[in-house]
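*Asks:* What follows is start16.cif, made up of mmCIF, C-alpha atoms:
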```
data_protein
loop_
_atom_site.label_atom_id
_atom_site.label_comp_id
_atom_site.auth_asym_id
_atom_site.auth_seq_id
_atom_site.Cartn_x
_atom_site.Cartn_y
_atom_site.Cartn_z
CA MET R 1 -1.16 -9.88 -33.38
CA ILE R 2 -2.65 -10.24 -29.89
CA ARG R 3 -1.86 -13.70 -28.53
CA ILE R 4 -4.48 -15.12 -26.15
CA LEU R 5 -4.59 -18.05 -23.73
CA LEU R 6 -8.06 -19.36 -22.86
CA ALA R 7 -8.47 -20.76 -19.33
CA ASP R 8 -11.90 -22.29 -18.64
CA ASP R 9 -12.95 -25.76 -17.50
CA GLN R 10 -15.84 -25.84 -19.99
CA ALA R 11 -14.68 -27.09 -23.39
CA LEU R 12 -17.76 -25.72 -25.17
CA LEU R 13 -17.10 -22.20 -23.90
CA ARG R 14 -13.44 -22.41 -24.87
CA SER R 15 -14.47 -23.48 -28.36
CA THR R 16 -16.93 -20.58 -28.61
CA PHE R 17 -14.34 -18.05 -27.45
CA ARG R 18 -11.75 -19.49 -29.84
CA MET R 19 -14.06 -19.13 -32.85
CA LEU R 20 -14.86 -15.54 -31.89
CA ILE R 21 -11.24 -14.57 -31.30
CA ASP R 22 -9.84 -16.34 -34.35
CA SER R 23 -12.38 -14.51 -36.51
CA CYS R 24 -10.48 -11.28 -35.79
CA ASP R 25 -7.50 -10.31 -37.92
CA ASP R 26 -5.60 -8.90 -34.92
CA MET R 27 -6.06 -11.80 -32.46
CA THR R 28 -5.25 -15.48 -32.18
CA VAL R 29 -5.64 -18.20 -29.54
CA VAL R 30 -2.26 -19.77 -28.74
CA ALA R 31 -3.41 -22.34 -26.16
CA GLU R 32 -6.30 -23.58 -24.01
CA ALA R 33 -6.24 -24.56 -20.33
CA SER R 34 -8.95 -26.48 -18.48
CA ASN R 35 -7.71 -25.69 -14.95
CA GLY R 36 -5.59 -23.19 -13.07
CA GLU R 37 -2.44 -25.32 -13.03
CA GLU R 38 -2.55 -25.70 -16.81
CA ALA R 39 -3.14 -21.96 -17.17
CA ILE R 40 0.08 -21.18 -15.28
CA ASP R 41 2.11 -23.78 -17.19
CA LEU R 42 0.78 -22.71 -20.59
CA ALA R 43 1.27 -19.03 -19.78
CA ARG R 44 4.96 -19.72 -19.08
CA ARG R 45 5.28 -21.83 -22.22
CA HIS R 46 3.54 -19.47 -24.66
CA ARG R 47 3.84 -16.08 -22.91
CA PRO R 48 0.55 -14.76 -24.28
CA ASP R 49 -0.41 -11.09 -24.30
CA VAL R 50 -3.70 -11.86 -22.52
CA VAL R 51 -5.10 -14.73 -20.47
CA LEU R 52 -8.89 -14.96 -20.50
CA MET R 53 -9.33 -16.52 -17.07
CA ASP R 54 -12.36 -18.17 -15.52
CA ILE R 55 -12.62 -18.15 -11.70
CA ARG R 56 -14.18 -21.52 -10.91
CA MET R 57 -11.73 -24.17 -12.15
CA PRO R 58 -10.35 -27.43 -10.69
CA LEU R 59 -6.88 -27.99 -9.16
CA ARG R 60 -6.30 -24.25 -8.74
CA ASP R 61 -8.94 -21.57 -9.19
CA GLY R 62 -8.58 -18.67 -11.60
CA LEU R 63 -7.79 -16.10 -8.92
CA ALA R 64 -4.90 -18.14 -7.53
CA ALA R 65 -3.64 -18.73 -11.08
CA THR R 66 -3.94 -15.00 -11.77
CA GLN R 67 -1.80 -14.19 -8.73
CA GLN R 68 0.87 -16.64 -9.90
CA ILE R 69 0.92 -15.29 -13.44
CA CYS R 70 0.87 -11.61 -12.49
CA SER R 71 3.68 -12.01 -9.94
CA ALA R 72 5.96 -14.01 -12.24
CA ASN R 73 9.04 -12.09 -13.39
CA ASP R 74 9.05 -13.92 -16.72
CA LEU R 75 5.43 -12.96 -17.47
CA VAL R 76 5.54 -9.19 -16.99
CA GLY R 77 4.08 -8.68 -20.45
CA THR R 78 1.06 -10.93 -19.84
CA ARG R 79 -2.26 -9.41 -18.78
CA VAL R 80 -5.12 -11.32 -17.18
CA LEU R 81 -8.74 -10.59 -18.01
CA ILE R 82 -11.16 -12.35 -15.67
CA LEU R 83 -14.22 -13.69 -17.47
CA THR R 84 -16.78 -15.30 -15.18
CA THR R 85 -20.43 -15.76 -14.26
CA PHE R 86 -19.61 -14.93 -10.63
CA GLU R 87 -19.59 -11.13 -10.55
CA THR R 88 -19.43 -10.50 -6.80
CA ASP R 89 -17.76 -7.71 -4.85
CA GLU R 90 -15.40 -10.22 -3.29
CA HIS R 91 -14.32 -11.65 -6.63
CA VAL R 92 -13.67 -8.22 -8.11
CA ALA R 93 -11.62 -7.29 -5.05
CA ARG R 94 -9.59 -10.50 -5.13
CA ALA R 95 -9.08 -10.26 -8.89
CA LEU R 96 -7.66 -6.74 -8.68
CA LYS R 97 -5.56 -7.69 -5.66
CA ALA R 98 -4.16 -10.65 -7.61
CA GLY R 99 -3.13 -8.32 -10.44
CA ALA R 100 -5.91 -8.79 -12.98
CA SER R 101 -6.27 -6.02 -15.53
CA GLY R 102 -9.99 -6.44 -16.03
CA PHE R 103 -13.13 -8.24 -14.96
CA LEU R 104 -16.00 -9.16 -17.30
CA GLY R 105 -19.16 -11.22 -16.86
CA LYS R 106 -19.77 -14.08 -19.27
CA ASP R 107 -22.92 -12.30 -20.43
CA VAL R 108 -20.70 -9.71 -22.13
CA THR R 109 -21.41 -9.15 -25.83
CA PRO R 110 -18.91 -10.48 -28.37
CA GLU R 111 -17.92 -6.90 -29.18
CA GLY R 112 -17.52 -6.15 -25.48
CA LEU R 113 -15.21 -9.12 -25.01
CA LEU R 114 -13.01 -8.22 -27.96
CA ASP R 115 -12.88 -4.58 -26.90
CA GLY R 116 -11.95 -5.72 -23.40
CA VAL R 117 -9.01 -7.72 -24.71
CA ARG R 118 -7.77 -4.76 -26.73
CA THR R 119 -8.22 -2.47 -23.71
CA VAL R 120 -6.04 -4.51 -21.36
CA VAL R 121 -3.39 -5.08 -24.05
CA ALA R 122 -3.15 -1.29 -24.39
CA GLY R 123 -2.29 -1.10 -20.68
CA GLU R 124 -5.67 0.22 -19.65
CA ALA R 125 -8.08 -1.46 -17.24
CA LEU R 126 -11.79 -2.16 -17.28
CA LEU R 127 -12.51 0.25 -14.45
CA SER R 128 -14.65 2.97 -15.95
CA PRO R 129 -18.25 1.62 -15.75
CA ALA R 130 -20.19 2.99 -12.81
CA ALA R 131 -20.89 -0.46 -11.38
CA THR R 132 -17.23 -1.41 -11.32
CA ARG R 133 -16.35 2.01 -9.89
CA ALA R 134 -18.70 1.34 -6.96
CA LEU R 135 -17.17 -2.09 -6.38
CA ILE R 136 -13.66 -0.65 -6.28
CA ASP R 137 -14.68 2.00 -3.77
CA ARG R 138 -16.47 -0.60 -1.68
CA PHE R 139 -13.64 -3.08 -1.33
CA LEU R 140 -11.00 -0.41 -0.80
CA SER R 141 -13.06 1.24 1.95
CA GLY R 142 -13.38 -2.04 3.82
CA ASN R 143 -10.92 -3.64 6.19
CA GLY R 144 -7.83 -2.99 4.10
CA ASP R 145 -7.61 -6.50 2.73
CA ILE R 146 -5.16 -5.57 0.00
CA SER R 147 -1.46 -6.20 -0.38
CA ASP R 148 0.82 -3.82 1.47
CA VAL R 149 3.19 -1.76 -0.65
CA PRO R 150 6.08 0.45 0.44
CA GLN R 151 5.06 3.98 1.36
CA GLY R 152 6.31 6.89 -0.71
CA LEU R 153 5.79 5.30 -4.12
CA LEU R 154 3.93 8.38 -5.37
CA ALA R 155 6.65 10.85 -4.37
CA ALA R 156 8.18 10.70 -7.84
CA LEU R 157 4.96 11.80 -9.55
CA THR R 158 4.50 15.33 -10.83
CA ASP R 159 1.51 17.32 -9.60
CA ARG R 160 -0.24 16.69 -12.91
CA GLU R 161 0.44 12.96 -12.76
CA ARG R 162 -0.88 12.81 -9.19
CA GLU R 163 -3.99 14.73 -10.22
CA MET R 164 -4.73 12.39 -13.12
CA THR R 165 -3.94 9.30 -11.06
CA ALA R 166 -6.44 10.45 -8.43
CA LEU R 167 -9.14 10.95 -11.05
CA ALA R 168 -8.40 7.54 -12.56
CA ALA R 169 -8.70 6.04 -9.08
CA HIS R 170 -12.24 7.39 -8.88
CA GLY R 171 -13.09 5.48 -12.05
CA LEU R 172 -12.90 8.24 -14.64
CA SER R 173 -11.90 7.28 -18.17
CA ASN R 174 -9.23 9.14 -20.13
CA GLN R 175 -12.00 10.94 -22.00
CA GLU R 176 -13.69 12.03 -18.76
CA ILE R 177 -10.40 13.16 -17.20
CA GLY R 178 -9.55 15.12 -20.33
CA GLU R 179 -12.91 16.89 -20.30
CA ARG R 180 -12.50 17.82 -16.65
CA LEU R 181 -8.92 19.13 -17.05
CA PHE R 182 -9.37 20.58 -20.56
CA VAL R 183 -6.74 18.39 -22.18
CA SER R 184 -6.90 15.66 -24.83
CA PRO R 185 -7.41 11.96 -23.93
CA LEU R 186 -3.99 11.30 -25.49
CA THR R 187 -2.39 13.74 -23.03
CA VAL R 188 -4.16 11.98 -20.17
CA ARG R 189 -2.99 8.60 -21.43
CA THR R 190 0.60 9.87 -21.57
CA HIS R 191 0.52 11.14 -17.99
CA ILE R 192 -1.14 7.96 -16.71
CA HIS R 193 1.44 5.78 -18.41
CA ARG R 194 4.28 7.86 -16.97
CA ALA R 195 2.76 7.48 -13.52
CA MET R 196 2.46 3.70 -14.04
CA SER R 197 6.10 3.52 -15.05
CA LYS R 198 7.31 5.55 -12.06
CA VAL R 199 5.49 3.46 -9.45
CA GLY R 200 6.08 0.13 -11.20
CA ALA R 201 2.40 -0.55 -11.93
CA ARG R 202 1.85 -3.14 -14.64
CA ASP R 203 -1.39 -1.47 -15.73
CA ARG R 204 -4.04 1.05 -14.79
CA ALA R 205 -5.79 -1.32 -12.38
CA GLN R 206 -2.66 -1.69 -10.28
CA LEU R 207 -2.06 2.06 -10.38
CA VAL R 208 -5.57 2.60 -8.97
CA VAL R 209 -4.98 0.16 -6.13
CA ILE R 210 -1.64 1.84 -5.31
CA ALA R 211 -3.34 5.25 -5.28
CA TYR R 212 -5.71 4.04 -2.56
CA GLN R 213 -3.02 2.18 -0.64
CA GLN R 214 -0.80 5.27 -0.60
CA GLY R 215 -3.63 7.52 0.60
CA LEU R 216 -3.72 9.66 -2.54
CA VAL R 217 -7.49 9.13 -2.59
CA ARG R 218 -10.00 7.78 -0.12
CA ALA R 219 -12.98 5.59 -0.86
CA ARG R 220 -16.13 7.67 -0.74
#
```
Starting from the file, give its structure as structure tokens.
*Replies:*
Amino acid sequence: MIRILLADDQALLRSTFRMLIDSCDDMTVVAEASNGEEAIDLARRHRPDVVLMDIRMPLRDGLAATQQICSANDLVGTRVLILTTFETDEHVARALKAGASGFLGKDVTPEGLLDGVRTVVAGEALLSPAATRALIDRFLSGNGDISDVPQGLLAALTDREREMTALAAHGLSNQEIGERLFVSPLTVRTHIHRAMSKVGARDRAQLVVIAYQQGLVRAR
């Protein structure tokens, strides 16, 4: 069962999301937060698998709350999926920098939202659509406003893992990488997960950021 925390200052939206999620046999809402401070407290109390996080909230915004949750040692198993009406380059950049595993607009379809939750729980990231791919390239090719990480993190990767990590960093899905390298998506997933483990990335989104930070790939 996927355990979800809803964080949004609009009670009507939380109620709508709860009804949608609780209609699924494999998901349940464990708590609701109306601001960023509550989101952090409830995440620590319930340790959900996923936090559906709005950006614009009182007391502490969703991006600051995301950074707190994703950096907490006691919440390493919790993923954050940003769900907002404010889909700007800056917000995508800050969300990924803070450790978010995905970023969806509130105009997403019900099926898209549920699929997004399952995607981030599986350790993947919502990075494959062309629009998101362009945003990632854009913010990473800017002034380097991303967290510094120690150099040499990728030294432990095999050539195959480095190759697949580079392709993932350019926004290719497991299916697309598999087609390019003539291997199955499952084989790609295995290599990507090994790479994530070796560099200490909590999910695919963080692995992509590390790949750019370490110079494995350059924004085009």
*Asks:* Once the PyMOL selection byres ((chain R and resi 179-196) around 8) has been evaluated on this model, what residues remain selected, and can you format them as a list in words?
*Replies:*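 Applied to this file, the PyMOL selection byres ((chain R and resi 179-196) around 8) returns Leu157, Arg160, Glu161, Arg162, Met164, Thr165, Asn174, Gln175, Glu176, Ile177, Gly178, Ser197, Lys198, Val199, Gly200, Ala201, Arg202, Asp203, Arg204 and Leu207 of chain R.
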*Asks:* Which residues are close to Met27 (chain R), i.e. within 9 Å by all atoms listed in the file, leaving aside same-chain residues fewer than 6 positions away? Reply as a ChimeraX atom specification.
*Replies:* /R:1-4,21
*Asks:* Please report the interatomic distance between CA of Phe17 (chain R) and CA of Leu42 (chain R) in Å with one decimal.
*Replies:* 17.2 Å
*Asks:* Can you spell out as JSON, numbers by chain the set of residues that the PyMOL selection byres ((chain R and resi 78) around 12) selects in the structure I just provided?
*Replies:* {"R": [2, 3, 4, 5, 40, 42, 43, 44, 45, 46, 47, 48, 49, 50, 51, 52, 66, 67, 68, 69, 70, 71, 72, 73, 74, 75, 76, 77, 79, 80, 81, 99, 100, 101, 117, 120, 121, 122, 123, 202, 203]}
*Asks:* Near Val208 (chain R), counting only C-alpha atoms, which residues have an atom at most 9 Å away, once you skip same-chain residues fewer than 3 positions from it, shown as a JSON list (two decimals) with C-alpha atoms, keeping the file's coordinate frame?
*Replies:*
```json
[["chain", "number", "residue", "atom", "x", "y", "z"],
["R", 165, "THR", "CA", -3.94, 9.30, -11.06],
["R", 166, "ALA", "CA", -6.44, 10.45, -8.43],
["R", 168, "ALA", "CA", -8.40, 7.54, -12.56],
["R", 169, "ALA", "CA", -8.70, 6.04, -9.08],
["R", 170, "HIS", "CA", -12.24, 7.39, -8.88],
["R", 171, "GLY", "CA", -13.09, 5.48, -12.05],
["R", 203, "ASP", "CA", -1.39, -1.47, -15.73],
["R", 204, "ARG", "CA", -4.04, 1.05, -14.79],
["R", 205, "ALA", "CA", -5.79, -1.32, -12.38],
["R", 211, "ALA", "CA", -3.34, 5.25, -5.28],
["R", 212, "TYR", "CA", -5.71, 4.04, -2.56],
["R", 213, "GLN", "CA", -3.02, 2.18, -0.64]]
```
*Asks:* What does the structure give for the distance between CA of Gln206 (chain R) and CA of Lys97 (chain R), in Å to one decimal?
*Replies:*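 Spanning CA of Gln206 (chain R) to CA of Lys97 (chain R) is a straight-line distance of 8.1 Å.
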*Asks:* Quick one: pull the distance between CA of Cys24 (chain R) and CA of Asp41 (chain R), Å, one decimal.
*Replies:*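 So the answer is 25.7 Å.
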*Asks:* Name the residues in contact with Thr84 (chain R) at a cut-off of 6 Å, using only C-alpha atoms, excluding same-chain residues fewer than 4 positions from it; report them as a list in words.
*Replies:* Asp54, Gly105 and Lys106 of chain R
*Asks:* Written as a list in words, which residues does the PyMOL selection byres ((chain R and resi 18) around 10) give for the file shown?
*Replies:*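 When the PyMOL selection byres ((chain R and resi 18) around 10) is applied, the selected residues are Ile4, Leu5, Leu6, Leu12, Leu13, Arg14, Ser15, Thr16, Phe17, Met19, Leu20, Ile21, Asp22, Ser23, Met27, Thr28, Val29, Val30, Ala31 and Glu32 of chain R.
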*Asks:* Could you save those same residues with C-alpha atoms as a tab-separated table (two decimals), in the coordinates of the input?
*Replies:*
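Ended up saving to again.tsv:
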```
chain	number	residue	atom	x	y	z
R	4	ILE	CA	-4.48	-15.12	-26.15
R	5	LEU	CA	-4.59	-18.05	-23.73
R	6	LEU	CA	-8.06	-19.36	-22.86
R	12	LEU	CA	-17.76	-25.72	-25.17
R	13	LEU	CA	-17.10	-22.20	-23.90
R	14	ARG	CA	-13.44	-22.41	-24.87
R	15	SER	CA	-14.47	-23.48	-28.36
R	16	THR	CA	-16.93	-20.58	-28.61
R	17	PHE	CA	-14.34	-18.05	-27.45
R	19	MET	CA	-14.06	-19.13	-32.85
R	20	LEU	CA	-14.86	-15.54	-31.89
R	21	ILE	CA	-11.24	-14.57	-31.30
R	22	ASP	CA	-9.84	-16.34	-34.35
R	23	SER	CA	-12.38	-14.51	-36.51
R	27	MET	CA	-6.06	-11.80	-32.46
R	28	THR	CA	-5.25	-15.48	-32.18
R	29	VAL	CA	-5.64	-18.20	-29.54
R	30	VAL	CA	-2.26	-19.77	-28.74
R	31	ALA	CA	-3.41	-22.34	-26.16
R	32	GLU	CA	-6.30	-23.58	-24.01
```
*Asks:* Which residue is closest to Met57 (chain R)? Choose from R:Asp26, R:Gln10, R:Gly102, R:Val92 and count only C-alpha atoms.
*Replies:*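 Nearest to Met57 (chain R): R:Gln10.
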*Asks:* Would you compute, for all listed atoms of region 37-44 of chain R, the axis-aligned bounding box grown by 6 Å on each side, and then report its centre and edge lengths in Å rounded to one decimal, as lines of an AutoDock Vina configuration file?
*Replies:*
```
center_x = 0.9
center_y = -22.4
center_z = -16.8
size_x = 20.1
size_y = 18.7
size_z = 19.6
```
*Asks:* In terms of the shortest atom-to-atom distance over all atoms listed in the file, which of R:Leu172, R:Ala64, R:Ala7, R:Met53 is closest to Glu38 (chain R)?
*Replies:*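 Among the listed residues, the smallest separation from Glu38 (chain R) belongs to R:Ala7.
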*Asks:* Calculated over only C-alpha atoms, which of the candidates R:Asp9, R:His91, R:Leu104, R:Leu83 has the smallest distance to Arg60 (chain R)?
*Replies:*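 Closest to Arg60 (chain R) of all the choices is R:Asp9.
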*Asks:* Between R:Pro110, R:Gly152, R:Gly116, R:Gly62, single out the one closest to Ala98 (chain R), counting all atoms listed in the file.
*Replies:*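 Using all atoms listed in the file, the shortest distance to Ala98 (chain R) belongs to R:Gly62.
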*Asks:* For Asp25 (chain R), which residue among R:Ile210, R:Leu114, R:Ala95, R:Leu216 is the nearest when counting only C-alpha atoms?
*Replies:* R:Leu114
